[in-house]
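Peer 1: Next comes coords_19.pdb, PDB, C-alpha atoms:
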MODEL        1
ATOM      1  CA  MET C   1       6.251 -12.108  -2.890
ATOM      2  CA  PHE C   2       6.046 -13.033  -6.561
ATOM      3  CA  ALA C   3       9.372 -14.776  -7.087
ATOM      4  CA  ILE C   4       9.372 -17.203  -4.150
ATOM      5  CA  PRO C   5       5.914 -18.783  -4.772
ATOM      6  CA  ALA C   6       6.457 -18.738  -8.554
ATOM      7  CA  ALA C   7       9.917 -20.302  -8.186
ATOM      8  CA  GLU C   8       8.460 -23.071  -6.022
ATOM      9  CA  LEU C   9       5.912 -23.794  -8.708
ATOM     10  CA  LEU C  10       8.401 -23.654 -11.597
ATOM     11  CA  GLY C  11      11.226 -25.428  -9.789
ATOM     12  CA  ILE C  12      13.872 -22.727 -10.307
ATOM     13  CA  SER C  13      15.947 -20.420  -8.112
ATOM     14  CA  PRO C  14      13.874 -17.513  -6.738
ATOM     15  CA  TRP C  15      16.793 -15.128  -7.368
ATOM     16  CA  ILE C  16      16.306 -15.532 -11.123
ATOM     17  CA  LEU C  17      12.734 -14.253 -10.853
ATOM     18  CA  ILE C  18      13.633 -11.641  -8.233
ATOM     19  CA  ILE C  19      16.197 -10.052 -10.550
ATOM     20  CA  ILE C  20      13.886 -10.166 -13.590
ATOM     21  CA  ALA C  21      10.861  -8.865 -11.672
ATOM     22  CA  GLY C  22      12.913  -6.197  -9.904
ATOM     23  CA  ALA C  23      14.265  -4.950 -13.224
ATOM     24  CA  LEU C  24      10.811  -4.825 -14.831
ATOM     25  CA  MET C  25       9.208  -3.032 -11.873
ATOM     26  CA  THR C  26      12.045  -0.536 -11.669
ATOM     27  CA  THR C  27      11.810   0.097 -15.419
ATOM     28  CA  SER C  28       8.104   0.954 -15.328
ATOM     29  CA  ALA C  29       8.658   3.300 -12.347
ATOM     30  CA  TYR C  30      11.648   4.854 -14.147
ATOM     31  CA  PHE C  31       9.378   6.117 -16.917
ATOM     32  CA  GLY C  32       7.111   7.778 -14.372
ATOM     33  CA  ILE C  33       3.369   8.040 -14.537
ATOM     34  CA  ARG C  34       3.293   6.890 -18.166
ATOM     35  CA  GLY C  35       5.026   3.627 -17.310
ATOM     36  CA  LEU C  36       2.721   3.073 -14.347
ATOM     37  CA  GLU C  37      -0.280   3.778 -16.540
ATOM     38  CA  ILE C  38       0.676   1.144 -19.123
ATOM     39  CA  VAL C  39       1.172  -1.539 -16.459
ATOM     40  CA  SER C  40      -2.114  -0.642 -14.748
ATOM     41  CA  TYR C  41      -4.117  -0.812 -17.995
ATOM     42  CA  VAL C  42      -3.193  -4.486 -18.229
ATOM     43  CA  SER C  43      -2.963  -5.469 -14.570
ATOM     44  CA  VAL C  44      -6.030  -3.882 -12.980
ATOM     45  CA  PRO C  45      -8.693  -5.520 -15.218
ATOM     46  CA  LEU C  46      -6.807  -8.822 -14.954
ATOM     47  CA  ILE C  47      -6.697  -8.721 -11.160
ATOM     48  CA  ALA C  48     -10.332  -7.637 -10.894
ATOM     49  CA  THR C  49     -11.636 -10.316 -13.278
ATOM     50  CA  LEU C  50      -9.689 -13.259 -11.872
ATOM     51  CA  GLY C  51     -10.114 -12.119  -8.261
ATOM     52  CA  ILE C  52     -13.897 -11.892  -8.623
ATOM     53  CA  TYR C  53     -13.957 -15.302 -10.332
ATOM     54  CA  SER C  54     -11.921 -16.808  -7.475
ATOM     55  CA  MET C  55     -14.202 -15.242  -4.868
ATOM     56  CA  ILE C  56     -17.405 -16.394  -6.579
ATOM     57  CA  THR C  57     -15.986 -19.905  -7.002
ATOM     58  CA  ALA C  58     -15.040 -20.097  -3.316
ATOM     59  CA  THR C  59     -18.459 -18.840  -2.247
ATOM     60  CA  SER C  60     -20.259 -21.337  -4.481
ATOM     61  CA  GLN C  61     -18.153 -24.338  -3.482
ATOM     62  CA  GLY C  62     -18.153 -23.395   0.196
ATOM     63  CA  GLY C  63     -21.926 -23.143   0.531
ATOM     64  CA  GLY C  64     -22.132 -19.374   0.912
ATOM     65  CA  LEU C  65     -20.287 -16.689   2.835
ATOM     66  CA  VAL C  66     -21.745 -17.637   6.237
ATOM     67  CA  ALA C  67     -20.600 -21.243   5.881
ATOM     68  CA  ILE C  68     -17.137 -20.182   4.695
ATOM     69  CA  PHE C  69     -16.462 -17.818   7.570
ATOM     70  CA  ASP C  70     -17.964 -20.198  10.128
ATOM     71  CA  LYS C  71     -15.135 -22.646   9.449
ATOM     72  CA  SER C  72     -12.428 -19.976   9.298
ATOM     73  CA  VAL C  73     -10.029 -19.977  12.235
ATOM     74  CA  GLY C  74      -7.413 -17.268  12.626
ATOM     75  CA  GLY C  75      -5.080 -16.109  15.344
ATOM     76  CA  MET C  76      -5.287 -12.368  14.687
ATOM     77  CA  SER C  77      -7.325 -10.194  17.039
ATOM     78  CA  VAL C  78     -10.073  -7.932  15.735
ATOM     79  CA  ALA C  79      -8.180  -4.839  16.915
ATOM     80  CA  THR C  80      -5.044  -5.889  15.008
ATOM     81  CA  ALA C  81      -7.029  -6.641  11.864
ATOM     82  CA  VAL C  82      -8.914  -3.333  12.017
ATOM     83  CA  GLY C  83      -5.643  -1.521  12.602
ATOM     84  CA  MET C  84      -4.083  -3.081   9.506
ATOM     85  CA  VAL C  85      -7.081  -2.167   7.370
ATOM     86  CA  ILE C  86      -7.032   1.430   8.629
ATOM     87  CA  GLY C  87      -3.264   1.628   8.194
ATOM     88  CA  SER C  88      -3.570   0.368   4.632
ATOM     89  CA  PHE C  89      -6.157   3.007   3.715
ATOM     90  CA  VAL C  90      -4.270   5.833   5.407
ATOM     91  CA  SER C  91      -0.901   4.970   3.887
ATOM     92  CA  GLY C  92      -2.460   4.648   0.441
ATOM     93  CA  GLY C  93      -4.337   7.922   0.875
ATOM     94  CA  THR C  94      -1.152   9.704   1.862
ATOM     95  CA  ALA C  95       0.482   8.687  -1.426
ATOM     96  CA  THR C  96      -2.581   9.297  -3.609
ATOM     97  CA  PRO C  97      -1.798  13.002  -4.362
ATOM     98  CA  ASN C  98       1.346  11.860  -6.201
ATOM     99  CA  PHE C  99      -0.959  10.392  -8.831
ATOM    100  CA  VAL C 100      -4.170  12.439  -8.813
ATOM    101  CA  ARG C 101      -2.160  15.611  -9.503
ATOM    102  CA  PHE C 102      -2.223  14.437 -13.127
ATOM    103  CA  ALA C 103      -6.035  14.449 -13.229
ATOM    104  CA  LYS C 104      -7.691  16.747 -15.760
ATOM    105  CA  ASN C 105      -9.852  18.426 -13.106
ATOM    106  CA  ASN C 106     -10.902  18.226  -9.443
ATOM    107  CA  TRP C 107     -13.912  16.069 -10.222
ATOM    108  CA  SER C 108     -11.774  13.429 -11.928
ATOM    109  CA  ALA C 109      -9.317  13.418  -9.031
ATOM    110  CA  VAL C 110     -12.019  12.917  -6.399
ATOM    111  CA  THR C 111     -14.009  10.369  -8.420
ATOM    112  CA  THR C 112     -11.059   8.129  -9.233
ATOM    113  CA  THR C 113      -9.852   8.247  -5.625
ATOM    114  CA  VAL C 114     -13.262   7.254  -4.261
ATOM    115  CA  ILE C 115     -13.582   4.419  -6.786
ATOM    116  CA  ALA C 116     -10.065   3.163  -6.055
ATOM    117  CA  PHE C 117     -10.489   3.090  -2.286
ATOM    118  CA  PHE C 118     -14.122   2.167  -1.782
ATOM    119  CA  LEU C 119     -14.374  -0.279  -4.674
ATOM    120  CA  GLY C 120     -10.855  -1.348  -5.624
ATOM    121  CA  ASN C 121      -9.338  -1.641  -2.160
ATOM    122  CA  THR C 122     -12.479  -3.245  -0.737
ATOM    123  CA  LEU C 123     -12.426  -5.857  -3.505
ATOM    124  CA  MET C 124      -8.791  -6.665  -2.773
ATOM    125  CA  PHE C 125      -9.608  -7.257   0.900
ATOM    126  CA  MET C 126     -12.581  -9.415  -0.111
ATOM    127  CA  PHE C 127     -10.497 -11.512  -2.510
ATOM    128  CA  GLY C 128      -8.107 -12.386   0.276
ATOM    129  CA  ALA C 129     -10.739 -12.791   3.007
ATOM    130  CA  VAL C 130     -13.184 -15.025   1.139
ATOM    131  CA  GLY C 131     -10.585 -17.149  -0.632
ATOM    132  CA  GLY C 132      -8.467 -17.406   2.492
ATOM    133  CA  ALA C 133     -11.388 -18.463   4.670
ATOM    134  CA  PHE C 134     -12.402 -21.094   2.103
ATOM    135  CA  THR C 135      -8.975 -22.659   1.495
ATOM    136  CA  GLY C 136      -7.195 -21.884   4.763
ATOM    137  CA  GLN C 137      -4.427 -20.123   2.810
ATOM    138  CA  GLU C 138      -3.355 -16.556   3.616
ATOM    139  CA  ASP C 139      -2.029 -15.638   0.163
ATOM    140  CA  ILE C 140      -4.214 -15.130  -2.925
ATOM    141  CA  PHE C 141      -1.615 -17.070  -4.936
ATOM    142  CA  TYR C 142      -2.041 -20.216  -2.834
ATOM    143  CA  VAL C 143      -5.789 -19.646  -2.686
ATOM    144  CA  MET C 144      -6.014 -19.825  -6.480
ATOM    145  CA  ILE C 145      -3.638 -22.809  -6.599
ATOM    146  CA  ALA C 146      -5.964 -24.632  -4.198
ATOM    147  CA  GLN C 147      -8.850 -23.787  -6.533
ATOM    148  CA  GLY C 148      -7.038 -25.331  -9.502
ATOM    149  CA  LEU C 149      -6.244 -21.958 -11.105
ATOM    150  CA  THR C 150      -2.460 -22.355 -11.328
ATOM    151  CA  VAL C 151      -1.731 -20.371 -14.495
ATOM    152  CA  TYR C 152      -4.166 -17.650 -13.505
ATOM    153  CA  ALA C 153      -2.606 -17.525 -10.041
ATOM    154  CA  LEU C 154       0.763 -16.689 -11.594
ATOM    155  CA  LEU C 155      -0.813 -13.954 -13.721
ATOM    156  CA  VAL C 156      -2.710 -12.415 -10.796
ATOM    157  CA  LEU C 157       0.273 -12.595  -8.474
ATOM    158  CA  GLY C 158       2.617 -11.016 -11.007
ATOM    159  CA  ALA C 159       0.163  -8.273 -11.970
ATOM    160  CA  ASN C 160      -0.762  -7.501  -8.366
ATOM    161  CA  ILE C 161       2.821  -7.249  -7.131
ATOM    162  CA  TRP C 162       3.931  -5.264 -10.185
ATOM    163  CA  THR C 163       1.274  -2.568  -9.820
ATOM    164  CA  THR C 164       1.954  -2.336  -6.086
ATOM    165  CA  ASN C 165       5.734  -2.189  -6.347
ATOM    166  CA  ASP C 166       6.131   0.268  -9.206
ATOM    167  CA  ASN C 167       3.651   2.646  -7.552
ATOM    168  CA  ALA C 168       5.515   2.362  -4.242
ATOM    169  CA  LEU C 169       8.856   2.845  -5.983
ATOM    170  CA  TYR C 170       7.589   5.898  -7.846
ATOM    171  CA  THR C 171       6.163   7.408  -4.645
ATOM    172  CA  SER C 172       9.268   6.863  -2.525
ATOM    173  CA  SER C 173      11.603   8.100  -5.253
ATOM    174  CA  LEU C 174       9.500  11.205  -5.805
ATOM    175  CA  GLY C 175       9.605  11.991  -2.086
ATOM    176  CA  ILE C 176      13.373  11.491  -1.839
ATOM    177  CA  SER C 177      13.890  13.570  -4.977
ATOM    178  CA  ASN C 178      11.783  16.447  -3.609
ATOM    179  CA  ILE C 179      13.727  16.460  -0.339
ATOM    180  CA  THR C 180      17.250  16.052  -1.740
ATOM    181  CA  LYS C 181      16.727  17.804  -5.118
ATOM    182  CA  ILE C 182      18.370  14.801  -6.823
ATOM    183  CA  PRO C 183      16.621  14.028 -10.159
ATOM    184  CA  ARG C 184      13.926  11.403  -9.733
ATOM    185  CA  ARG C 185      15.113   8.846 -12.284
ATOM    186  CA  PRO C 186      18.520   8.129 -10.704
ATOM    187  CA  VAL C 187      16.760   7.788  -7.359
ATOM    188  CA  VAL C 188      14.364   5.239  -8.918
ATOM    189  CA  LEU C 189      17.297   3.125 -10.073
ATOM    190  CA  ILE C 190      19.015   3.234  -6.678
ATOM    191  CA  ALA C 191      15.805   2.520  -4.748
ATOM    192  CA  GLY C 192      14.853  -0.249  -7.184
ATOM    193  CA  PHE C 193      18.256  -1.893  -6.693
ATOM    194  CA  ILE C 194      17.981  -1.700  -2.889
ATOM    195  CA  GLY C 195      14.454  -3.068  -2.957
ATOM    196  CA  THR C 196      15.507  -5.943  -5.207
ATOM    197  CA  VAL C 197      18.548  -7.073  -3.203
ATOM    198  CA  THR C 198      16.683  -6.845   0.124
ATOM    199  CA  ALA C 199      13.515  -8.512  -1.205
ATOM    200  CA  ILE C 200      14.033 -11.932   0.399
ATOM    201  CA  TRP C 201      14.945 -10.442   3.772
ATOM    202  CA  LEU C 202      11.805  -8.257   3.689
ATOM    203  CA  TYR C 203       9.707 -11.236   2.606
ATOM    204  CA  ASN C 204      10.952 -13.290   5.573
ATOM    205  CA  ASN C 205      10.180 -10.410   7.949
ATOM    206  CA  PHE C 206       7.043  -9.195   6.203
ATOM    207  CA  VAL C 207       4.558  -9.297   9.092
ATOM    208  CA  GLY C 208       6.878  -7.332  11.369
ATOM    209  CA  TRP C 209       7.627  -4.846   8.582
ATOM    210  CA  LEU C 210       3.923  -4.437   7.872
ATOM    211  CA  ALA C 211       3.195  -3.852  11.554
ATOM    212  CA  PHE C 212       5.947  -1.218  11.667
ATOM    213  CA  LEU C 213       4.543   0.589   8.614
ATOM    214  CA  ASN C 214       1.015   0.325  10.007
ATOM    215  CA  ALA C 215       2.153   2.358  13.014
ATOM    216  CA  THR C 216       4.562   4.698  11.222
ATOM    217  CA  LEU C 217       2.809   5.845   8.033
ATOM    218  CA  PRO C 218      -0.593   7.034   9.373
ATOM    219  CA  PRO C 219       0.947   9.959  11.362
ATOM    220  CA  ILE C 220       2.232  11.411   8.084
ATOM    221  CA  GLY C 221      -1.245  11.391   6.569
ATOM    222  CA  ALA C 222      -2.773  12.831   9.747
ATOM    223  CA  ILE C 223      -0.369  15.783   9.781
ATOM    224  CA  ILE C 224      -0.765  16.514   6.069
ATOM    225  CA  THR C 225      -4.564  16.532   6.439
ATOM    226  CA  LEU C 226      -4.489  18.635   9.610
ATOM    227  CA  ASP C 227      -2.118  21.144   8.028
ATOM    228  CA  PHE C 228      -4.495  21.557   5.104
ATOM    229  CA  PHE C 229      -7.432  22.465   7.339
ATOM    230  CA  MET C 230      -5.327  24.669   9.614
ATOM    231  CA  HIS C 231      -3.753  26.633   6.764
ATOM    232  CA  ARG C 232      -6.315  26.354   3.973
ATOM    233  CA  ALA C 233      -5.526  29.821   2.638
ATOM    234  CA  LYS C 234      -1.922  28.996   1.747
ATOM    235  CA  TYR C 235      -3.044  26.014  -0.309
ATOM    236  CA  ASP C 236      -5.344  28.262  -2.341
ATOM    237  CA  SER C 237      -2.690  30.969  -2.700
ATOM    238  CA  PRO C 238      -0.959  31.407  -6.088
ATOM    239  CA  GLU C 239       2.372  31.462  -4.222
ATOM    240  CA  GLY C 240       1.720  27.940  -2.934
ATOM    241  CA  VAL C 241       2.669  26.454   0.402
ATOM    242  CA  ASP C 242       5.551  27.515   2.615
ATOM    243  CA  ARG C 243       8.690  25.531   1.785
ATOM    244  CA  GLN C 244      10.256  25.963   5.213
ATOM    245  CA  VAL C 245      10.700  22.822   7.294
ATOM    246  CA  ASN C 246       8.070  22.541  10.022
ATOM    247  CA  TRP C 247       9.877  20.774  12.857
ATOM    248  CA  PHE C 248       6.655  20.090  14.720
ATOM    249  CA  ALA C 249       5.536  18.058  11.725
ATOM    250  CA  ILE C 250       8.745  16.015  11.954
ATOM    251  CA  LEU C 251       8.356  15.653  15.727
ATOM    252  CA  GLY C 252       4.702  14.669  15.310
ATOM    253  CA  VAL C 253       5.606  11.865  12.914
ATOM    254  CA  ILE C 254       8.308  10.575  15.297
ATOM    255  CA  VAL C 255       6.067  10.694  18.374
ATOM    256  CA  GLY C 256       3.155   9.188  16.463
ATOM    257  CA  ALA C 257       5.345   6.349  15.218
ATOM    258  CA  LEU C 258       6.634   5.666  18.727
ATOM    259  CA  VAL C 259       3.112   5.651  20.162
ATOM    260  CA  GLY C 260       1.879   3.393  17.379
ATOM    261  CA  ASN C 261       4.732   0.918  17.772
ATOM    262  CA  TYR C 262       4.923   0.769  21.558
ATOM    263  CA  LEU C 263       1.480   1.612  22.984
ATOM    264  CA  GLN C 264      -0.174  -1.793  23.348
ATOM    265  CA  TRP C 265      -3.750  -0.582  23.608
ATOM    266  CA  GLY C 266      -6.556   0.184  21.192
ATOM    267  CA  ILE C 267      -6.059   0.455  17.426
ATOM    268  CA  THR C 268      -2.461   1.135  16.444
ATOM    269  CA  ALA C 269      -3.037   3.408  13.464
ATOM    270  CA  ILE C 270      -5.586   5.584  15.280
ATOM    271  CA  ASN C 271      -3.341   5.938  18.341
ATOM    272  CA  ALA C 272      -0.468   7.014  16.120
ATOM    273  CA  MET C 273      -2.564   9.562  14.218
ATOM    274  CA  ILE C 274      -4.013  11.124  17.374
ATOM    275  CA  ALA C 275      -0.579  11.506  18.969
ATOM    276  CA  ALA C 276       0.905  13.028  15.813
ATOM    277  CA  ALA C 277      -2.014  15.440  15.365
ATOM    278  CA  ILE C 278      -1.787  16.656  18.979
ATOM    279  CA  ILE C 279       1.963  17.306  18.755
ATOM    280  CA  TYR C 280       1.629  19.133  15.444
ATOM    281  CA  TYR C 281      -1.429  21.192  16.421
ATOM    282  CA  VAL C 282      -0.148  22.288  19.829
ATOM    283  CA  GLY C 283       3.359  23.003  18.573
ATOM    284  CA  THR C 284       2.144  25.001  15.607
ATOM    285  CA  LYS C 285      -0.276  27.053  17.685
ATOM    286  CA  LEU C 286       2.359  27.856  20.308
ATOM    287  CA  THR C 287       4.762  29.221  17.681
ATOM    288  CA  GLN C 288       2.254  31.336  15.740
TER     289      GLN C 288
ENDMDL
END
Once more with this new file: its structure as structure tokens, please.
Peer 2:
Amino acid sequence: MFAIPAAELLGISPWILIIIAGALMTTSAYFGIRGLEIVSYVSVPLIATLGIYSMITATSQGGGLVAIFDKSVGGMSVATAVGMVIGSFVSGGTATPNFVRFAKNNWSAVTTTVIAFFLGNTLMFMFGAVGGAFTGQEDIFYVMIAQGLTVYALLVLGANIWTTNDNALYTSSLGISNITKIPRRPVVLIAGFIGTVTAIWLYNNFVGWLAFLNATLPPIGAIITLDFFMHRAKYDSPEGVDRQVNWFAILGVIVGALVGNYLQWGITAINAMIAAAIIYYVGTKLTQ
């Protein structure tokens, strides 16, 4: 998502940038939370500043938000759009504990999470929505190009993709490492390599991949949350949570994903979460 637009602009092969970007993103994830922290210190203020500038510029030149959205024409239904927004929040929330566990106290963990989701994530949606409606482009990179912000577009695109990818790589590698007991850093390198070599294929199938994730990830978050409220005592216990595999949790994720991907009614993410929660709750209660 960075290399192909940037390569078009620079007139070079996208594989050159894919390899360089993949190596840099894998490197920052390799060094764990410290590497992610360094990248975020630079990227987050940059994205916020330039994104707000782009949004204000679009609003000013377009005659206000009402005028901008009046001329916007899209083919996506409201239900699909709402589902993607919900899926984005749920999938991000599911991964958040991998990072807030480093917080100094509970207050810091809750505060930073609220700020990130209600302010940060909302701003990111607004950057894309306002700029996209104004220029007719669906990517913030092309939005900023259309606004004459070419150099800044490259910086925002690179920073945005970097912070997203190294966080995703860290999260996935941590999960695989916890399940397999393989050290995290070798897993980061393997996952980073796979992500890099499959990048163009995923880019060309991005909407379908996003729709699949939108239906598949929310059930995980629903079951984790439900388990917390059903078994609150074990989370507060010094011995920690039970490490045995809960097969109803696995079954709930599978059923939820199937419902989300194949039930063509309502909001995908909500359907998937409800199905997963029912399977997990009923199954757990029957075996207690």
Peer 1: Specify as a list of chain:residue names each residue included when the PyMOL selection byres ((chain C and resi 247) around 12) is applied to this file.
Peer 2: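 Expected selection for the PyMOL selection byres ((chain C and resi 247) around 12) here is C:Ile223, C:Gln244, C:Val245, C:Asn246, C:Phe248, C:Ala249, C:Ile250, C:Leu251, C:Gly252, C:Val253, C:Ile254, C:Ile279, C:Tyr280, C:Tyr281, C:Gly283, C:Thr284, C:Thr287.
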Peer 1: Mind listing as a list in words all residues within 10 Å of (-4.8, 8.4, 15.9), counting all atoms listed in the file?
Peer 2: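 Within 10 Å of (-4.8, 8.4, 15.9), the protein and nucleic acid residues are Ala215, Pro218, Pro219, Ala222, Gly256, Val259, Gly260, Gly266, Ile267, Thr268, Ala269, Ile270, Asn271, Ala272, Met273, Ile274, Ala275, Ala276, Ala277 and Ile278 of chain C.
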Peer 1: Using all atoms listed in the file for the distances, tell me which of C:Met124, C:Ala199, C:Leu263, C:Ala21 is nearest to C:Ser88.
Peer 2: C:Met124
Peer 1: Considering all atoms listed in the file, can you say which of C:Ser173, C:Ser54, C:Asn205, C:Thr216 comes closest to C:Tyr30?
Peer 2: C:Ser173
Peer 1: In Å, how far is it from atom CA of C:Gly22 to atom CA of C:Ile86?
Peer 2: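 Going from atom CA of C:Gly22 over to atom CA of C:Ile86 covers 28.3 Å.
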Peer 1: Kindly indicate which residue among C:Pro183, C:Gly62, C:Gly87, C:Pro97 lies nearest to C:Gln147, using only C-alpha atoms for the distances.
Peer 2: C:Gly62
Peer 1: Using only C-alpha atoms, find the one residue out of C:Tyr262, C:Phe31, C:Phe141, C:Trp107 that sits nearest to C:Asn167.
Peer 2: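 Closest to C:Asn167 of all the choices is C:Phe31.
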Peer 1: Which residue gives the smallest distance to C:Gly120 among C:Ile19, C:Ala81, C:Ile47, C:Val151, with all atoms listed in the file counted?
Peer 2: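 Ranked by minimum distance to C:Gly120, first place goes to C:Ile47.
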Peer 1: Skip C:Val44 itself and residues of its chain fewer than 6 positions away, then list as a JSON list (two decimals) with C-alpha atoms, in the coordinates of the input all residues within 10 Å of it, counting all atoms listed in the file.
Peer 2:
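Done, and the output landed in result_12.json:
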[["chain", "number", "residue", "atom", "x", "y", "z"],
["C", 120, "GLY", "CA", -10.86, -1.35, -5.62],
["C", 156, "VAL", "CA", -2.71, -12.42, -10.80],
["C", 159, "ALA", "CA", 0.16, -8.27, -11.97],
["C", 160, "ASN", "CA", -0.76, -7.50, -8.37],
["C", 163, "THR", "CA", 1.27, -2.57, -9.82]]
Peer 1: Using the chain letters and residue numbers of this document, give as a PyMOL selection string the residues selected by the PyMOL selection byres ((chain C and resi 29) around 9).
Peer 2: chain C and resi 24-28+30-36+165-170+185+188-189+192
Peer 1: So which one's closest to C:Trp201, C:Val85, C:Met1, C:Lys285, C:Met76? Using all atoms listed in the file, please.
Peer 2: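 The closest residue to C:Trp201 is C:Met1.
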